[in-house]
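*Asks:* For reference, this is work22.cif, and it has mmCIF, C-alpha atoms.
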```cif
data_data
loop_
_atom_site.label_atom_id
_atom_site.label_comp_id
_atom_site.auth_asym_id
_atom_site.auth_seq_id
_atom_site.Cartn_x
_atom_site.Cartn_y
_atom_site.Cartn_z
CA MET A 544 2.97 16.32 -8.54
CA THR A 545 3.77 19.40 -6.52
CA THR A 546 6.81 20.52 -4.60
CA ASN A 547 7.89 23.70 -2.84
CA GLN A 548 11.57 23.09 -3.48
CA ALA A 549 14.03 23.40 -6.36
CA PRO A 550 13.12 22.11 -9.84
CA ILE A 551 13.01 18.33 -10.17
CA HIS A 552 15.71 16.62 -12.26
CA PRO A 553 14.42 15.08 -15.52
CA GLU A 554 15.43 11.60 -14.35
CA VAL A 555 13.28 11.95 -11.25
CA THR A 556 10.36 13.22 -13.30
CA ALA A 557 10.71 10.21 -15.66
CA TYR A 558 10.82 7.81 -12.69
CA LEU A 559 7.71 9.35 -11.11
CA LYS A 560 5.92 9.08 -14.45
CA ARG A 561 7.01 5.45 -14.81
CA ILE A 562 5.57 4.48 -11.42
CA GLY A 563 2.46 6.61 -11.96
CA TYR A 564 2.99 8.93 -8.99
CA GLU A 565 1.18 12.26 -9.20
CA GLY A 566 1.08 13.27 -5.53
CA ASN A 567 2.98 15.77 -3.44
CA LEU A 568 6.75 15.64 -3.08
CA ASP A 569 6.78 17.10 0.41
CA GLY A 570 8.68 14.31 2.20
CA SER A 571 5.69 13.44 4.36
CA ALA A 572 5.14 9.92 5.62
CA ALA A 573 2.05 9.66 3.42
CA ALA A 574 3.96 10.70 0.30
CA LEU A 575 6.80 8.28 1.03
CA ALA A 576 4.38 5.43 1.65
CA GLU A 577 2.63 6.13 -1.66
CA LEU A 578 5.98 6.27 -3.49
CA GLN A 579 6.98 2.91 -2.02
CA GLU A 580 3.64 1.37 -2.94
CA ARG A 581 3.81 2.67 -6.51
CA HIS A 582 7.42 1.49 -6.90
CA LEU A 583 6.57 -1.97 -5.59
CA HIS A 584 3.87 -2.45 -8.22
CA ALA A 585 5.64 -0.77 -11.15
CA VAL A 586 9.28 -1.91 -10.94
CA PRO A 587 9.67 -5.69 -11.08
CA TYR A 588 12.48 -7.39 -9.22
CA GLU A 589 13.48 -10.98 -9.69
CA ASN A 590 16.69 -12.58 -8.57
CA LEU A 591 17.00 -16.29 -9.20
CA ASP A 592 20.55 -16.26 -7.85
CA ILE A 593 19.05 -16.66 -4.39
CA LEU A 594 17.66 -20.04 -5.37
CA LYS A 595 21.04 -21.05 -6.81
CA ARG A 596 22.77 -19.92 -3.58
CA ILE A 597 24.86 -17.36 -5.49
CA PRO A 598 25.76 -14.43 -3.19
CA LEU A 599 24.09 -11.12 -4.02
CA SER A 600 26.27 -8.33 -5.32
CA LEU A 601 25.77 -4.76 -6.43
CA GLU A 602 29.03 -4.73 -8.38
CA ILE A 603 28.71 -3.86 -12.06
CA PRO A 604 30.23 -6.66 -14.18
#
```
Let me see the file written as C-alpha cells.

*Replies:*
Amino acid sequence: MTTNQAPIHPEVTAYLKRIGYEGNLDGSAAALAELQERHLHAVPYENLDILKRIPLSLEIP
C-alpha cells in the first residue's frame, strides 16, 4: 500500500488490512474499483428487516 499524501490513520490501515488491500492509495479509478471489490467480499452485510418490511434506519439505538 503506497500513498504520496499524509500518514494514514490507524483505523484506515486496520480496515485495509481487514479487506486485504495492498495496492496504491492514489484515488485512481482502478484503486477505487479494487477497494470496492475487496470490501464487497470481506465485509458481510445482511439485513433481514427488508423481508419483514421494517424500514431501514441508520439511527443508533

*Asks:* Just to confirm, what's the straight-line distance from atom CA of A:Ile603 to atom CA of A:Gly563 in Å (one decimal)?

*Replies:* 28.3 Å

*Asks:* Could you pull the residues within 12 Å of A:Gly566, counting all atoms listed in the file, minus those fewer than 3 positions along the same chain, as a PyMOL selection string?

*Replies:* chain A and resi 544-546+559-560+562-563+569-571+573-578+581

*Asks:* What is the atom CA of A:Asn567-atom CA of A:Ile551 distance in Å, reported with one decimal?

*Replies:*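 Calculated distance between atom CA of A:Asn567 and atom CA of A:Ile551 is 12.3 Å.
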
*Asks:* So how far away is atom CA of A:Ala585 from atom CA of A:Arg561, in Å?

*Replies:*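 So the answer is 7.3 Å.
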
*Asks:* If you take every atom of stretch 564-576 of chain A that the file lists and fit an axis-aligned box around them with 5 Å extra on each side, what centre and edge lengths come out in Å to one decimal, as lines of an AutoDock Vina configuration file?

*Replies:*
```
center_x = 4.9
center_y = 11.3
center_z = -1.8
size_x = 17.6
size_y = 21.7
size_z = 24.8
```

*Asks:* Restricting the calculation to only C-alpha atoms: of A:Tyr564, A:Ala549, A:Ile597, A:Glu602, which residue gets closest to A:Leu583?

*Replies:*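 Looking at the shortest contact to A:Leu583, the residue is A:Tyr564.
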